[in-house]
>>> print(open('query-v8.tsv').read())   # TSV, C-alpha atoms
chain	number	residue	atom	x	y	z
A	1	MET	CA	-65.62	-28.60	60.50
A	2	GLY	CA	-68.38	-26.58	59.00
A	3	HIS	CA	-67.17	-23.59	56.97
A	4	SER	CA	-66.95	-25.65	53.81
A	5	LEU	CA	-66.29	-23.68	50.67
A	6	TYR	CA	-69.19	-23.46	48.24
A	7	LEU	CA	-68.20	-22.19	44.82
A	8	PRO	CA	-70.97	-21.80	42.22
A	9	ALA	CA	-70.28	-22.13	38.49
A	10	ARG	CA	-68.29	-19.41	36.68
A	11	MET	CA	-66.78	-18.21	39.92
A	12	PHE	CA	-63.19	-17.34	39.07
A	13	ASN	CA	-61.82	-14.22	37.49
A	14	THR	CA	-58.16	-14.73	38.27
A	15	ALA	CA	-57.08	-11.77	36.20
A	16	SER	CA	-58.78	-9.37	38.60
A	17	ALA	CA	-58.17	-11.27	41.85
A	18	ILE	CA	-55.69	-9.62	44.20
A	19	ILE	CA	-53.25	-12.21	45.50
A	20	PRO	CA	-51.64	-11.18	48.79
A	21	ALA	CA	-47.90	-11.65	49.18
A	22	MET	CA	-48.12	-14.22	51.93
A	23	LYS	CA	-48.27	-17.96	52.48
A	24	VAL	CA	-51.54	-19.82	52.86
A	25	SER	CA	-50.52	-20.58	56.45
A	26	GLU	CA	-50.21	-16.84	57.11
A	27	LEU	CA	-53.53	-16.06	55.46
A	28	GLY	CA	-55.38	-18.69	57.51
A	29	GLU	CA	-58.51	-20.70	56.80
A	30	PHE	CA	-60.98	-17.82	56.84
A	31	GLY	CA	-58.64	-15.45	55.06
A	32	LEU	CA	-58.31	-18.08	52.35
A	33	ILE	CA	-62.08	-18.38	52.05
A	34	ASN	CA	-62.35	-14.59	51.75
A	35	LEU	CA	-59.61	-14.60	49.10
A	36	ILE	CA	-61.57	-17.03	46.95
A	37	ARG	CA	-64.79	-15.15	47.65
A	38	SER	CA	-63.16	-11.95	46.38
A	39	ALA	CA	-62.47	-13.70	43.07
A	40	VAL	CA	-66.13	-14.60	42.56
A	41	ARG	CA	-67.78	-12.60	39.81
A	42	TYR	CA	-71.51	-12.59	39.12
A	43	ASP	CA	-72.42	-13.59	35.58
A	44	GLY	CA	-75.75	-11.96	34.83
A	45	SER	CA	-75.97	-12.86	31.14
A	46	GLY	CA	-79.01	-15.00	30.34
A	47	HIS	CA	-80.23	-17.76	32.63
A	48	THR	CA	-77.28	-18.96	34.71
A	49	PRO	CA	-76.88	-21.00	37.93
A	50	TRP	CA	-76.10	-17.71	39.67
A	51	GLN	CA	-79.75	-16.68	39.40
A	52	GLU	CA	-80.79	-19.75	41.37
A	53	VAL	CA	-78.24	-19.42	44.20
A	54	LEU	CA	-79.72	-18.34	47.54
A	55	VAL	CA	-76.73	-18.95	49.81
A	56	GLY	CA	-73.19	-19.26	48.54
A	57	ILE	CA	-69.81	-18.99	50.21
A	58	GLY	CA	-69.78	-18.52	53.98
A	59	ASP	CA	-72.67	-20.50	55.49
A	60	ASP	CA	-73.04	-24.08	56.75
A	61	ALA	CA	-74.31	-25.24	53.36
A	62	ALA	CA	-74.90	-23.84	49.91
A	63	ALA	CA	-78.53	-23.34	48.90
A	64	TRP	CA	-80.11	-22.86	45.52
A	65	ARG	CA	-83.64	-22.92	44.13
A	66	ILE	CA	-84.84	-25.33	41.48
A	67	ASP	CA	-88.51	-24.92	40.59
A	68	ASP	CA	-90.40	-24.93	43.92
A	69	HIS	CA	-87.60	-26.53	45.95
A	70	ILE	CA	-84.56	-25.28	47.81
A	71	LEU	CA	-81.64	-27.67	47.51
A	72	LEU	CA	-78.77	-27.80	50.01
A	73	ALA	CA	-75.23	-29.08	49.66
A	74	THR	CA	-72.32	-29.35	52.06
A	75	THR	CA	-68.94	-31.06	51.96
A	76	ASP	CA	-66.20	-31.80	54.45
A	77	THR	CA	-62.79	-33.46	54.43
A	78	LEU	CA	-61.14	-35.44	57.23
A	79	VAL	CA	-57.41	-36.10	57.00
A	80	GLN	CA	-55.54	-38.82	58.87
A	81	ASP	CA	-53.40	-37.48	61.75
A	82	ILE	CA	-55.05	-34.05	61.45
A	83	HIS	CA	-58.68	-34.89	62.21
A	84	PHE	CA	-58.34	-38.48	63.35
A	85	ASN	CA	-55.79	-41.01	64.57
A	86	LEU	CA	-56.39	-44.63	63.59
A	87	ASP	CA	-54.66	-45.77	66.78
A	88	VAL	CA	-57.47	-44.13	68.77
A	89	ILE	CA	-60.64	-44.10	66.68
A	90	SER	CA	-62.23	-47.31	65.40
A	91	TRP	CA	-63.17	-47.60	61.73
A	92	GLU	CA	-66.85	-47.83	62.71
A	93	GLU	CA	-66.57	-44.62	64.75
A	94	LEU	CA	-64.77	-42.90	61.89
A	95	GLY	CA	-67.55	-43.80	59.45
A	96	TRP	CA	-70.18	-42.49	61.85
A	97	LYS	CA	-68.36	-39.21	62.52
A	98	VAL	CA	-67.62	-38.46	58.86
A	99	LEU	CA	-71.34	-38.55	58.15
A	100	ALA	CA	-72.40	-36.86	61.39
A	101	VAL	CA	-70.37	-33.68	60.86
A	102	ASN	CA	-71.89	-33.22	57.40
A	103	LEU	CA	-75.42	-33.93	58.58
A	104	SER	CA	-74.93	-31.30	61.26
A	105	ASP	CA	-74.36	-28.68	58.55
A	106	ILE	CA	-77.71	-29.61	56.98
A	107	ALA	CA	-79.31	-29.43	60.44
A	108	ALA	CA	-77.91	-25.90	60.85
A	109	MET	CA	-79.85	-24.89	57.72
A	110	GLY	CA	-83.06	-26.55	58.96
A	111	GLY	CA	-82.92	-29.00	56.07
A	112	ILE	CA	-83.50	-32.66	55.22
A	113	PRO	CA	-80.42	-34.71	54.23
A	114	LYS	CA	-81.03	-36.92	51.20
A	115	TYR	CA	-77.95	-38.16	49.33
A	116	ALA	CA	-74.27	-38.72	50.09
A	117	LEU	CA	-71.20	-38.82	47.83
A	118	LEU	CA	-68.09	-40.39	49.35
A	119	SER	CA	-64.50	-39.94	48.15
A	120	LEU	CA	-61.75	-42.02	49.71
A	121	ALA	CA	-57.99	-41.65	49.25
A	122	LEU	CA	-56.42	-44.74	50.80
A	123	PRO	CA	-53.04	-46.46	51.27
A	124	GLY	CA	-52.97	-49.79	49.46
A	125	GLU	CA	-51.82	-51.69	52.54
A	126	LEU	CA	-55.09	-51.09	54.40
A	127	GLN	CA	-57.19	-54.17	55.05
A	128	ALA	CA	-60.43	-54.47	53.08
A	129	GLU	CA	-62.16	-55.37	56.35
A	130	ASP	CA	-61.29	-51.93	57.72
A	131	ILE	CA	-63.12	-50.18	54.89
A	132	SER	CA	-66.08	-52.50	55.35
A	133	ARG	CA	-66.23	-51.52	59.03
A	134	PHE	CA	-65.96	-47.86	58.06
A	135	ALA	CA	-68.87	-48.18	55.63
A	136	ASN	CA	-70.97	-50.05	58.20
A	137	GLY	CA	-70.40	-47.29	60.77
A	138	MET	CA	-71.40	-44.63	58.28
A	139	MET	CA	-74.50	-46.49	57.11
A	140	GLU	CA	-75.61	-47.13	60.70
A	141	LEU	CA	-76.11	-43.38	61.08
A	142	ALA	CA	-77.33	-42.94	57.50
A	143	SER	CA	-80.21	-45.33	58.19
A	144	ASP	CA	-81.37	-43.15	61.11
A	145	PHE	CA	-81.96	-40.25	58.70
A	146	SER	CA	-82.77	-42.19	55.49
A	147	VAL	CA	-79.65	-40.89	53.74
A	148	ALA	CA	-78.65	-42.77	50.56
A	149	LEU	CA	-75.01	-43.22	49.57
A	150	VAL	CA	-75.20	-42.83	45.79
A	151	GLY	CA	-71.61	-42.53	44.53
A	152	GLY	CA	-68.17	-41.03	44.97
A	153	ASN	CA	-64.55	-41.72	44.12
A	154	ILE	CA	-61.62	-43.93	45.17
A	155	ALA	CA	-57.93	-43.03	44.85
A	156	ALA	CA	-54.61	-44.27	46.19
A	157	ALA	CA	-52.77	-42.05	48.68
A	158	PRO	CA	-50.05	-42.32	51.37
A	159	ASN	CA	-52.56	-41.44	54.13
A	160	VAL	CA	-56.31	-41.74	54.55
A	161	VAL	CA	-58.24	-38.72	53.28
A	162	ILE	CA	-62.05	-38.83	53.42
A	163	THR	CA	-64.33	-36.34	51.71
A	164	LEU	CA	-68.09	-36.57	52.04
A	165	THR	CA	-70.70	-34.44	50.31
A	166	ILE	CA	-74.32	-34.32	51.42
A	167	ILE	CA	-77.14	-33.08	49.22
A	168	GLY	CA	-80.45	-32.26	50.86
A	169	CYS	CA	-83.40	-29.93	50.64
A	170	SER	CA	-85.49	-27.56	52.72
A	171	ARG	CA	-88.84	-28.54	54.15
A	172	GLY	CA	-90.49	-25.43	52.72
A	173	GLU	CA	-89.62	-21.96	51.56
A	174	VAL	CA	-87.46	-21.09	54.59
A	175	ILE	CA	-83.93	-22.09	55.58
A	176	LEU	CA	-81.79	-21.11	58.54
A	177	ARG	CA	-78.87	-18.78	57.80
A	178	ARG	CA	-75.97	-17.09	59.56
A	179	SER	CA	-76.75	-13.66	58.12
A	180	THR	CA	-80.18	-12.91	59.61
A	181	ALA	CA	-79.46	-12.13	63.30
A	182	CYS	CA	-80.96	-8.81	64.46
A	183	PRO	CA	-80.25	-6.45	67.38
A	184	GLY	CA	-82.55	-7.38	70.24
A	185	ASP	CA	-82.49	-11.11	69.44
A	186	GLN	CA	-81.84	-13.55	72.22
A	187	ILE	CA	-79.00	-16.03	71.74
A	188	ALA	CA	-79.89	-19.63	72.59
A	189	VAL	CA	-78.30	-23.05	72.34
A	190	THR	CA	-79.65	-26.60	72.32
A	191	GLY	CA	-78.36	-29.22	74.73
A	192	TYR	CA	-75.14	-28.92	76.73
A	193	LEU	CA	-71.64	-27.84	75.74
A	194	GLY	CA	-68.12	-29.05	76.42
A	195	LEU	CA	-68.69	-32.80	76.36
A	196	SER	CA	-66.97	-33.43	73.02
A	197	ALA	CA	-63.97	-31.24	73.87
A	198	ALA	CA	-63.69	-33.04	77.22
A	199	GLY	CA	-63.78	-36.35	75.35
A	200	LEU	CA	-60.93	-35.14	73.16
A	201	GLU	CA	-58.91	-34.21	76.23
A	202	MET	CA	-59.50	-37.70	77.63
A	203	LEU	CA	-58.39	-39.30	74.36
A	204	LYS	CA	-55.26	-37.14	74.47
A	205	GLY	CA	-54.40	-38.60	77.89
A	206	ARG	CA	-56.49	-36.86	80.55
A	207	THR	CA	-57.23	-39.55	83.17
A	208	ILE	CA	-60.88	-40.50	83.74
A	209	SER	CA	-61.24	-43.32	86.25
A	210	ASP	CA	-64.96	-44.04	85.96
A	211	PRO	CA	-65.66	-46.40	82.98
A	212	GLU	CA	-69.19	-45.06	82.40
A	213	THR	CA	-67.96	-41.46	82.30
A	214	SER	CA	-65.15	-42.50	79.97
A	215	SER	CA	-67.63	-44.18	77.63
A	216	ILE	CA	-69.90	-41.12	77.55
A	217	LEU	CA	-66.96	-38.82	76.77
A	218	ARG	CA	-65.68	-41.09	74.01
A	219	CYS	CA	-69.13	-41.34	72.44
A	220	ALA	CA	-69.62	-37.56	72.59
A	221	HIS	CA	-66.45	-36.92	70.60
A	222	LEU	CA	-66.46	-39.84	68.20
A	223	ARG	CA	-70.19	-40.51	67.69
A	224	PRO	CA	-71.92	-37.09	67.79
A	225	LYS	CA	-75.62	-36.93	67.00
A	226	PRO	CA	-76.65	-34.22	64.51
A	227	ARG	CA	-79.70	-32.14	65.44
A	228	ILE	CA	-81.65	-32.70	62.21
A	229	GLU	CA	-85.09	-32.82	63.81
A	230	GLU	CA	-84.27	-29.85	66.02
A	231	GLY	CA	-83.31	-27.78	62.97
A	232	ARG	CA	-86.69	-28.56	61.41
A	233	ILE	CA	-88.52	-27.49	64.57
A	234	LEU	CA	-86.58	-24.21	64.74
A	235	VAL	CA	-87.75	-23.34	61.22
A	236	GLU	CA	-91.35	-24.28	62.08
A	237	GLN	CA	-91.29	-22.05	65.16
A	238	GLY	CA	-90.09	-19.00	63.24
A	239	VAL	CA	-86.33	-19.06	63.89
A	240	ARG	CA	-84.34	-17.75	60.93
A	241	THR	CA	-80.74	-17.67	62.19
A	242	ALA	CA	-78.62	-20.63	63.25
A	243	ILE	CA	-75.24	-22.34	63.06
A	244	ASP	CA	-74.00	-25.66	64.39
A	245	ILE	CA	-71.31	-25.57	67.06
A	246	SER	CA	-68.34	-27.16	65.35
A	247	ASP	CA	-65.49	-24.68	65.89
A	248	GLY	CA	-66.59	-23.63	69.40
A	249	LEU	CA	-69.35	-21.48	70.89
A	250	VAL	CA	-67.46	-18.17	70.78
A	251	ALA	CA	-65.98	-18.79	67.33
A	252	ASP	CA	-69.27	-19.90	65.79
A	253	LEU	CA	-71.21	-17.02	67.33
A	254	ASP	CA	-68.56	-14.74	65.85
A	255	HIS	CA	-69.37	-16.19	62.41
A	256	ILE	CA	-73.03	-15.24	62.88
A	257	CYS	CA	-72.03	-11.75	63.99
A	258	GLU	CA	-69.73	-11.28	61.02
A	259	CYS	CA	-72.35	-12.41	58.51
A	260	SER	CA	-75.18	-10.46	60.17
A	261	LYS	CA	-73.08	-7.35	60.91
A	262	VAL	CA	-74.02	-7.35	64.60
A	263	ASN	CA	-72.32	-7.81	67.97
A	264	ALA	CA	-73.14	-10.37	70.65
A	265	ARG	CA	-72.91	-10.63	74.40
A	266	ILE	CA	-72.65	-13.98	76.20
A	267	LYS	CA	-73.47	-14.29	79.90
A	268	ILE	CA	-70.93	-16.92	80.85
A	269	GLU	CA	-72.84	-18.05	83.94
A	270	GLN	CA	-75.74	-19.08	81.68
A	271	VAL	CA	-73.69	-21.22	79.28
A	272	PRO	CA	-74.98	-24.79	79.76
A	273	VAL	CA	-71.86	-26.82	80.55
A	274	HIS	CA	-72.52	-30.56	80.67
A	275	PRO	CA	-72.49	-31.81	84.29
A	276	ILE	CA	-69.92	-34.51	83.49
A	277	VAL	CA	-67.55	-31.83	82.23
A	278	THR	CA	-68.12	-29.63	85.28
A	279	ALA	CA	-67.46	-32.57	87.63
A	280	ASN	CA	-64.29	-33.83	85.96
A	281	PHE	CA	-62.52	-30.87	84.33
A	282	ALA	CA	-61.26	-27.77	86.12
A	283	ASP	CA	-61.19	-25.94	82.76
A	284	HIS	CA	-64.83	-26.85	82.06
A	285	GLN	CA	-65.84	-23.30	81.15
A	286	GLU	CA	-63.11	-22.98	78.52
A	287	LEU	CA	-64.06	-26.37	77.06
A	288	ALA	CA	-67.68	-25.24	76.73
A	289	LEU	CA	-66.82	-21.83	75.27
A	290	SER	CA	-64.06	-22.78	72.85
A	291	GLY	CA	-63.80	-26.57	72.65
A	292	GLY	CA	-66.13	-27.15	69.72
A	293	GLU	CA	-67.47	-30.28	68.02
A	294	ASP	CA	-70.57	-30.41	70.22
A	295	TYR	CA	-72.73	-30.12	67.07
A	296	GLU	CA	-75.48	-28.45	69.06
A	297	LEU	CA	-77.46	-25.70	67.35
A	298	LEU	CA	-76.72	-22.08	68.25
A	299	PHE	CA	-79.56	-19.80	67.18
A	300	THR	CA	-80.94	-16.28	67.60
A	301	ALA	CA	-84.49	-14.95	67.53
A	302	ASP	CA	-86.77	-12.56	69.37
A	303	GLN	CA	-87.90	-13.52	72.87
A	304	ALA	CA	-91.32	-14.85	71.84
A	305	THR	CA	-89.87	-17.04	69.08
A	306	VAL	CA	-87.21	-18.47	71.39
A	307	ALA	CA	-89.94	-19.25	73.94
A	308	ARG	CA	-91.96	-21.13	71.29
A	309	ALA	CA	-88.88	-23.04	70.14
A	310	ARG	CA	-88.00	-23.97	73.71
A	311	GLN	CA	-91.48	-25.38	74.25
A	312	ALA	CA	-91.49	-27.32	70.97
A	313	LEU	CA	-88.00	-28.84	71.15
A	314	HIS	CA	-87.46	-32.17	72.89
A	315	CYS	CA	-84.10	-31.15	74.30
A	316	PRO	CA	-82.87	-28.48	76.72
A	317	VAL	CA	-82.72	-24.93	75.31
A	318	THR	CA	-80.77	-22.25	77.17
A	319	VAL	CA	-80.73	-18.51	76.51
A	320	ILE	CA	-77.10	-17.42	76.93
A	321	GLY	CA	-77.06	-13.79	75.78
A	322	ASP	CA	-78.30	-11.24	73.30
A	323	ILE	CA	-77.53	-9.60	69.97
A	324	GLY	CA	-76.68	-5.89	69.77
A	325	GLU	CA	-75.76	-3.28	67.19
A	326	GLU	CA	-72.33	-3.63	65.62
A	327	GLN	CA	-70.21	-1.06	67.47
A	328	SER	CA	-66.78	-2.48	68.18
A	329	ALA	CA	-64.09	-4.53	66.50
A	330	ARG	CA	-64.63	-7.38	68.96
A	331	ARG	CA	-67.90	-8.91	67.85
A	332	VAL	CA	-68.42	-11.32	70.78
A	333	THR	CA	-68.12	-10.16	74.39
A	334	LEU	CA	-68.28	-12.34	77.51
A	335	VAL	CA	-69.72	-10.90	80.71
A	336	ASP	CA	-70.09	-12.25	84.25
A	337	ARG	CA	-73.23	-12.08	86.41
A	338	ARG	CA	-72.41	-8.47	87.36
A	339	GLY	CA	-72.09	-7.42	83.73
A	340	ASN	CA	-68.31	-7.09	83.87
A	341	THR	CA	-66.40	-8.07	80.75
A	342	VAL	CA	-64.50	-11.35	81.04
A	343	PRO	CA	-61.35	-11.79	78.93
A	344	CYS	CA	-61.50	-14.69	76.51
A	345	GLY	CA	-59.59	-15.63	73.41
A	346	GLN	CA	-61.42	-16.32	70.17
A	347	GLY	CA	-60.79	-20.02	70.64
A	348	GLY	CA	-62.09	-22.60	68.24
A	349	TRP	CA	-60.40	-24.54	65.51
A	350	GLU	CA	-58.97	-22.94	62.38
A	351	HIS	CA	-56.98	-24.73	59.68
A	352	PHE	CA	-53.49	-23.31	58.96
A	353	LYS	CA	-53.67	-21.30	62.20
A	354	HIS	CA	-53.49	-24.64	64.00
A	355	GLY	CA	-50.88	-26.39	61.88
A	356	ILE	CA	-50.02	-30.05	61.52
A	357	ALA	CA	-47.96	-29.83	64.68
A	358	GLU	CA	-51.17	-28.92	66.54
A	359	ALA	CA	-53.40	-31.57	65.01
A	360	LYS	CA	-57.00	-31.43	66.13
A	361	PHE	CA	-57.10	-35.06	67.09
A	362	PRO	CA	-54.59	-36.97	69.27
>>> encode(input="query-v8.tsv", output="structure tokens")
Amino acid sequence: MGHSLYLPARMFNTASAIIPAMKVSELGEFGLINLIRSAVRYDGSGHTPWQEVLVGIGDDAAAWRIDDHILLATTDTLVQDIHFNLDVISWEELGWKVLAVNLSDIAAMGGIPKYALLSLALPGELQAEDISRFANGMMELASDFSVALVGGNIAAAPNVVITLTIIGCSRGEVILRRSTACPGDQIAVTGYLGLSAAGLEMLKGRTISDPETSSILRCAHLRPKPRIEEGRILVEQGVRTAIDISDGLVADLDHICECSKVNARIKIEQVPVHPIVTANFADHQELALSGGEDYELLFTADQATVARARQALHCPVTVIGDIGEEQSARRVTLVDRRGNTVPCGQGGWEHFKHGIAEAKFP
């Protein structure tokens, strides 16, 4: 999740777009986004929406200016048997998570979520009570952040498909972006990593004997808590670059590096793996590096700014590496305590690359 596609008005010029001779599955999620981005053409005639756009395709949310305000918008789709399995997740948990993953995108921009639009494609044989439970789960979280559900759409479909759009705003003139990391910045992360991925492994069948541990893992994966307040504090303390960890630490840091045209180095011994994950999973480091869906905030800033943010935030903040000049094709490098490079795949979730046969959820 994250990496939604934001397409401002008058975006397509299909006559000039170059369409590669390959299937969508071969192009991949991010190749597909770049394909659509390449078709975008700026329309500079008169006063157009283009002149108000601050952030378009390629960040956690779109941003545009209206009068003295910066508005934010993000959208995400969850598909049955790709993102969730109704034999495993409850309808209340599904409602919570649908909203949480979108709120996390607003948090990654340092914004305030305001309004939600919900579109549901549903099989007719579903029970009305199920949808009521879904709505109650979603509104339980919405009430925590004063988010109003103001509309949407309903359609019939063979499987459940849920699309949620959140509209919010900045708290001032500054928003967090992926494209503003600078050489010399420290790389830091809120909270702990790996808990959600470990929860997914448990739901897929990994045995966890302790009921309390099992409950914590389930909650981490199915009821994540977006870092809205933390995003606000980062902006206040002078941070300008952030992303939420949805695809995985390495993959999401790579997105920052790509947008900012920099490289990054992670000191793997400093990555804050959750103690429950360390105690119960031999592959705890891989879960923390590549598992994803922690919805913690990954951010970069100079040392003094990171120190201020660490003092102001009411959650753990760990410095895990640094930003350098773009010099090599591999944008993110992992090193051990001696500074030796540690092999690691890109990891993280990508649609089309991970097909239906490798559904994200059990």
>>> residues_around(input="query-v8.tsv", residues="Trp91 of chain A", least_positions_apart="6", cutoff="7 Å", atoms="all atoms listed in the file", output="list of chain:residue names")
A:Asp130, A:Arg133, A:Phe134
>>> atom_distance(input="query-v8.tsv", atom1="atom CA of Leu164 of chain A", atom2="atom CA of Ile233 of chain A")
25.6 Å
>>> closest_residue(input="query-v8.tsv", among="A:Leu99, A:Gln237, A:Ile187, A:Leu217", to="Asp144 of chain A", atoms="all atoms listed in the file")
A:Leu99
>>> residues_around(input="query-v8.tsv", residues="Gln303 of chain A", least_positions_apart="6", cutoff="10 Å", atoms="only C-alpha atoms", output="PyMOL selection string")
chain A and resi 184-187+309+319+322
>>> residues_around(input="query-v8.tsv", residues="Arg338 of chain A", least_positions_apart="6", cutoff="12 Å", atoms="all atoms listed in the file", output="list in words")
Lys267, Ile268 and Glu269 of chain A
>>> write_last_selection(input="query-v8.tsv", atoms="C-alpha atoms", output="mmCIF file, in the coordinates of the input")
data_model
loop_
_atom_site.group_PDB
_atom_site.id
_atom_site.type_symbol
_atom_site.label_atom_id
_atom_site.label_comp_id
_atom_site.auth_asym_id
_atom_site.auth_seq_id
_atom_site.Cartn_x
_atom_site.Cartn_y
_atom_site.Cartn_z
ATOM 1 C CA LYS A 267 -73.470 -14.290 79.900
ATOM 2 C CA ILE A 268 -70.930 -16.920 80.850
ATOM 3 C CA GLU A 269 -72.840 -18.050 83.940
#
>>> closest_atom_pairs(input="query-v8.tsv", of="segment 168-190 of chain A", to="segment 249-259 of chain A", cutoff="12 Å", atoms="all atoms listed in the file", output="tab-separated table")
residue	atom	partner	partner_atom	distance
A:Leu176	CA	A:Ile256	CA	11.4
A:Arg177	CA	A:Ile256	CA	8.5
A:Arg178	CA	A:Ile256	CA	4.8
A:Ser179	CA	A:Cys259	CA	4.6
A:Thr180	CA	A:Cys259	CA	7.9
A:Ala181	CA	A:Ile256	CA	7.2
A:Cys182	CA	A:Cys257	CA	9.4
A:Pro183	CA	A:Cys257	CA	10.4
A:Asp185	CA	A:Cys257	CA	11.8
A:Ile187	CA	A:Leu253	CA	9.0
A:Ala188	CA	A:Leu253	CA	10.5
A:Val189	CA	A:Leu249	CA	9.2
A:Thr190	CA	A:Leu249	CA	11.6
>>> closest_atom_pairs(input="query-v8.tsv", of="segment 279-359 of chain A", to="segment 103-123 of chain A", cutoff="9 Å", atoms="all atoms listed in the file", output="Markdown table")
| residue | atom | partner | partner_atom | distance |
| --- | --- | --- | --- | --- |
| A:Tyr295 | CA | A:Ser104 | CA | 6.3 |
| A:Glu296 | CA | A:Ser104 | CA | 8.3 |
| A:Leu297 | CA | A:Ala108 | CA | 6.5 |
| A:Leu298 | CA | A:Ala108 | CA | 8.4 |
| A:Phe299 | CA | A:Ala108 | CA | 8.9 |
>>> atom_distance(input="query-v8.tsv", atom1="atom CA of Asn153 of chain A", atom2="atom CA of Gly124 of chain A")
15.1 Å
>>> atom_distance(input="query-v8.tsv", atom1="atom CA of Gln80 of chain A", atom2="atom CA of Leu126 of chain A")
13.1 Å
>>> closest_residue(input="query-v8.tsv", among="A:Asn280, A:Asn263, A:Ser143, A:Thr165", to="Leu195 of chain A", atoms="all atoms listed in the file")
A:Asn280
>>> closest_residue(input="query-v8.tsv", among="A:Gln311, A:Asn340, A:Ser196, A:Ser214", to="Val273 of chain A", atoms="all atoms listed in the file")
A:Ser196
>>> closest_residue(input="query-v8.tsv", among="A:Ala142, A:Ala155, A:Ile167, A:Val335", to="Thr75 of chain A", atoms="only C-alpha atoms")
A:Ile167
>>> axis_aligned_box(input="query-v8.tsv", around="segment 276-294 of chain A", padding_each_side="6 Å", output="AutoDock Vina command-line options")
--center_x -65.9 --center_y -28.2 --center_z 77.8 --size_x 21.4 --size_y 24.7 --size_z 31.6
>>> residues_around(input="query-v8.tsv", residues="Leu193 of chain A", least_positions_apart="4", cutoff="8 Å", atoms="only C-alpha atoms", output="PDB file with C-alpha atoms, keeping the file's coordinate frame")
ATOM      1  CA  VAL A 271     -73.690 -21.220  79.280  1.00  0.00           C
ATOM      2  CA  PRO A 272     -74.980 -24.790  79.760  1.00  0.00           C
ATOM      3  CA  VAL A 273     -71.860 -26.820  80.550  1.00  0.00           C
ATOM      4  CA  HIS A 274     -72.520 -30.560  80.670  1.00  0.00           C
ATOM      5  CA  LEU A 287     -64.060 -26.370  77.060  1.00  0.00           C
ATOM      6  CA  ALA A 288     -67.680 -25.240  76.730  1.00  0.00           C
ATOM      7  CA  LEU A 289     -66.820 -21.830  75.270  1.00  0.00           C
ATOM      8  CA  ASP A 294     -70.570 -30.410  70.220  1.00  0.00           C
ATOM      9  CA  GLU A 296     -75.480 -28.450  69.060  1.00  0.00           C
TER      10      GLU A 296
END
>>> closest_residue(input="query-v8.tsv", among="A:Glu173, A:Asp283, A:Glu212, A:Glu201", to="Val235 of chain A", atoms="all atoms listed in the file")
A:Glu173
>>> residues_around(input="query-v8.tsv", residues="Gly199 of chain A", least_positions_apart="3", cutoff="10 Å", atoms="all atoms listed in the file", output="PyMOL selection string")
chain A and resi 194-196+202-206+208+213-222+277
>>> build_atoms(input="query-v8.tsv", residues="segment 64-76 of chain A", atoms="N, CA and C atoms", output="CSV table (one decimal), in the coordinates of the input")
chain,number,residue,atom,x,y,z
A,64,TRP,N,-79.7,-23.4,46.8
A,64,TRP,CA,-80.1,-22.9,45.5
A,64,TRP,C,-81.5,-23.4,45.2
A,65,ARG,N,-82.2,-22.6,44.4
A,65,ARG,CA,-83.6,-22.9,44.1
A,65,ARG,C,-83.7,-23.6,42.8
A,66,ILE,N,-84.5,-24.7,42.7
A,66,ILE,CA,-84.8,-25.3,41.5
A,66,ILE,C,-86.3,-25.5,41.5
A,67,ASP,N,-87.0,-24.9,40.6
A,67,ASP,CA,-88.5,-24.9,40.6
A,67,ASP,C,-89.0,-24.5,42.0
A,68,ASP,N,-89.8,-25.3,42.6
A,68,ASP,CA,-90.4,-24.9,43.9
A,68,ASP,C,-89.6,-25.4,45.1
A,69,HIS,N,-88.4,-25.9,44.9
A,69,HIS,CA,-87.6,-26.5,46.0
A,69,HIS,C,-86.3,-25.7,46.2
A,70,ILE,N,-85.9,-25.8,47.5
A,70,ILE,CA,-84.6,-25.3,47.8
A,70,ILE,C,-83.7,-26.5,48.1
A,71,LEU,N,-82.6,-26.6,47.3
A,71,LEU,CA,-81.6,-27.7,47.5
A,71,LEU,C,-80.5,-27.2,48.4
A,72,LEU,N,-79.9,-28.1,49.1
A,72,LEU,CA,-78.8,-27.8,50.0
A,72,LEU,C,-77.6,-28.7,49.7
A,73,ALA,N,-76.4,-28.2,49.9
A,73,ALA,CA,-75.2,-29.1,49.7
A,73,ALA,C,-74.1,-28.6,50.6
A,74,THR,N,-73.4,-29.6,51.2
A,74,THR,CA,-72.3,-29.4,52.1
A,74,THR,C,-71.3,-30.4,51.9
A,75,THR,N,-70.0,-30.1,52.1
A,75,THR,CA,-68.9,-31.1,52.0
A,75,THR,C,-67.9,-30.8,53.0
A,76,ASP,N,-67.2,-31.9,53.4
A,76,ASP,CA,-66.2,-31.8,54.4
A,76,ASP,C,-65.1,-32.9,54.2
